[in-house]
Amino acid sequence: TIMSKETVRKEAQARFDRAEKDSGFPPFLWPVFSAAAGLSVAAAWYAFGPMVTSEDRLDLVAKCQIFPAFVFFFLFGSGANSRAPSKGASNDPPAAQALGLQSVQLIEAQRAFANTIEQFLFFFTATTALAMRLEVEMLKLIPSLYVSWCTMRIFYYFTYTSGYPRYRHLAFTGNLLPTVCAMSYAAYLTVIQGF
């Protein structure tokens, strides 16, 4: 089906009106997000802990890139799937965008993908700096941070594209937490250990 400009506008207006009336985060999602983040870190800590014996810290960070690679692949596929319902948007995305015929779902998928790339740059830098400073026995923290980051990124995508994008804030905060922790601890270790 080809979406008309009026259809896209009505869908966007309905979602905007619903967002204006919405007044809070669904209470049932707080424990779900908290449990998922905690379980992912604990699972990674125990699953990958015995494997982390290498003192080659950059090698460890490079091996952990498989986790974000799956997240990026998932987000890319979701964006492509959002474009598929419209033949015109699928065949000529720039023309559809110029005509204002992009679906809200496609715009959400593109924004979630772009935000993930932006956040990954901070996260990668923070975890690389942290890996260079940690004691060997604490290096298993790096895969745990990666699994936590990826888990919350998936939650971020689902909350962003749920039709209630304001709910993405909790997932974003849960996603930002590993980055801030890694940056803060790396900075602390740099001050303590010196350059």
# chains A, B, ... in the order shown; residues from 1 in each chain; ligands from 1
$ residues_around --residues "A:Phe73" --least-positions-apart "5" --cutoff "12 Å" --atoms "only C-alpha atoms" --output "count of residues only"
11
$ residues_around --residues "A:Ser162" --least-positions-apart "2" --cutoff "12 Å" --atoms "only C-alpha atoms" --output "list of chain:residue names"
A:Arg15, A:Ala19, A:Val104, A:Gln105, A:Glu108, A:Ala109, A:Ala112, A:Phe155, A:Tyr156, A:Tyr157, A:Phe158, A:Thr159, A:Tyr160, A:Tyr164, A:Pro165, A:Arg166, A:Tyr167, A:Arg168
$ closest_residue --among "A:Phe120, A:Phe172, A:Tyr146, A:Tyr185" --to "A:Phe72" --atoms "only C-alpha atoms"
A:Phe120
$ atom_distance --atom1 "atom CA of A:Ala131" --atom2 "atom CA of A:Thr173"
22.5 Å
$ atom_distance --atom1 "atom CA of A:Phe76" --atom2 "atom CA of A:Arg57"
29.2 Å
$ residues_around --residues "A:Pro178" --least-positions-apart "2" --cutoff "10 Å" --atoms "only C-alpha atoms" --output "MDAnalysis selection string"
chainID A and resid 123 126:127 142 144:149 152 173:176 180:184
$ write_last_selection --atoms "N, CA, C and O atoms" --output "mmCIF file, in the first residue's frame"
data_model
loop_
_atom_site.group_PDB
_atom_site.id
_atom_site.type_symbol
_atom_site.label_atom_id
_atom_site.label_comp_id
_atom_site.auth_asym_id
_atom_site.auth_seq_id
_atom_site.Cartn_x
_atom_site.Cartn_y
_atom_site.Cartn_z
ATOM 1 N N PHE A 123 30.310 4.936 24.374
ATOM 2 C CA PHE A 123 30.482 3.681 25.103
ATOM 3 C C PHE A 123 31.791 2.987 24.714
ATOM 4 O O PHE A 123 32.528 2.517 25.580
ATOM 5 N N ALA A 126 34.697 4.801 26.252
ATOM 6 C CA ALA A 126 34.747 4.597 27.704
ATOM 7 C C ALA A 126 35.239 3.199 28.059
ATOM 8 O O ALA A 126 36.086 3.039 28.949
ATOM 9 N N THR A 127 34.728 2.176 27.383
ATOM 10 C CA THR A 127 35.136 0.811 27.729
ATOM 11 C C THR A 127 36.571 0.525 27.299
ATOM 12 O O THR A 127 37.275 -0.228 27.975
ATOM 13 N N ILE A 142 34.398 -5.858 31.411
ATOM 14 C CA ILE A 142 34.197 -5.311 30.055
ATOM 15 C C ILE A 142 33.080 -6.053 29.306
ATOM 16 O O ILE A 142 32.146 -5.414 28.817
ATOM 17 N N SER A 144 30.681 -7.715 30.569
ATOM 18 C CA SER A 144 29.448 -7.448 31.315
ATOM 19 C C SER A 144 28.862 -6.095 30.937
ATOM 20 O O SER A 144 27.650 -5.955 30.758
ATOM 21 N N LEU A 145 29.720 -5.092 30.814
ATOM 22 C CA LEU A 145 29.247 -3.772 30.396
ATOM 23 C C LEU A 145 28.673 -3.814 28.987
ATOM 24 O O LEU A 145 27.654 -3.193 28.699
ATOM 25 N N TYR A 146 29.332 -4.560 28.094
ATOM 26 C CA TYR A 146 28.832 -4.671 26.722
ATOM 27 C C TYR A 146 27.469 -5.344 26.664
ATOM 28 O O TYR A 146 26.574 -4.894 25.943
ATOM 29 N N VAL A 147 27.290 -6.425 27.417
ATOM 30 C CA VAL A 147 26.007 -7.120 27.402
ATOM 31 C C VAL A 147 24.920 -6.223 27.993
ATOM 32 O O VAL A 147 23.805 -6.147 27.462
ATOM 33 N N SER A 148 25.232 -5.514 29.061
ATOM 34 C CA SER A 148 24.269 -4.595 29.648
ATOM 35 C C SER A 148 23.892 -3.493 28.663
ATOM 36 O O SER A 148 22.715 -3.164 28.484
ATOM 37 N N TRP A 149 24.886 -2.906 28.012
ATOM 38 C CA TRP A 149 24.641 -1.838 27.045
ATOM 39 C C TRP A 149 23.738 -2.338 25.926
ATOM 40 O O TRP A 149 22.776 -1.665 25.546
ATOM 41 N N MET A 152 20.029 -2.963 27.051
ATOM 42 C CA MET A 152 19.256 -1.730 27.188
ATOM 43 C C MET A 152 19.030 -1.037 25.843
ATOM 44 O O MET A 152 18.043 -0.339 25.668
ATOM 45 N N THR A 173 18.279 5.814 29.941
ATOM 46 C CA THR A 173 19.030 5.993 31.185
ATOM 47 C C THR A 173 19.763 4.707 31.555
ATOM 48 O O THR A 173 20.927 4.734 31.928
ATOM 49 N N GLY A 174 19.071 3.575 31.417
ATOM 50 C CA GLY A 174 19.705 2.290 31.690
ATOM 51 C C GLY A 174 20.838 1.999 30.730
ATOM 52 O O GLY A 174 21.806 1.318 31.061
ATOM 53 N N ASN A 175 20.731 2.549 29.527
ATOM 54 C CA ASN A 175 21.774 2.380 28.530
ATOM 55 C C ASN A 175 22.945 3.315 28.788
ATOM 56 O O ASN A 175 24.096 2.961 28.555
ATOM 57 N N LEU A 176 22.655 4.481 29.286
ATOM 58 C CA LEU A 176 23.699 5.463 29.563
ATOM 59 C C LEU A 176 24.510 5.093 30.802
ATOM 60 O O LEU A 176 25.685 5.443 30.908
ATOM 61 N N VAL A 180 28.506 5.857 31.596
ATOM 62 C CA VAL A 180 28.930 6.785 32.648
ATOM 63 C C VAL A 180 29.800 6.065 33.684
ATOM 64 O O VAL A 180 30.825 6.599 34.114
ATOM 65 N N CYS A 181 29.410 4.846 34.036
ATOM 66 C CA CYS A 181 30.217 4.079 35.003
ATOM 67 C C CYS A 181 31.609 3.799 34.443
ATOM 68 O O CYS A 181 32.610 3.971 35.148
ATOM 69 N N ALA A 182 31.683 3.377 33.188
ATOM 70 C CA ALA A 182 32.984 3.074 32.570
ATOM 71 C C ALA A 182 33.840 4.337 32.475
ATOM 72 O O ALA A 182 35.036 4.309 32.799
ATOM 73 N N MET A 183 33.246 5.452 32.053
ATOM 74 C CA MET A 183 34.013 6.702 31.945
ATOM 75 C C MET A 183 34.501 7.164 33.317
ATOM 76 O O MET A 183 35.656 7.555 33.465
ATOM 77 N N SER A 184 33.615 7.117 34.296
ATOM 78 C CA SER A 184 33.972 7.596 35.626
ATOM 79 C C SER A 184 35.067 6.742 36.253
ATOM 80 O O SER A 184 36.038 7.269 36.796
#
$ atom_distance --atom1 "atom CA of A:Asp59" --atom2 "atom CA of A:Thr179"
19.5 Å
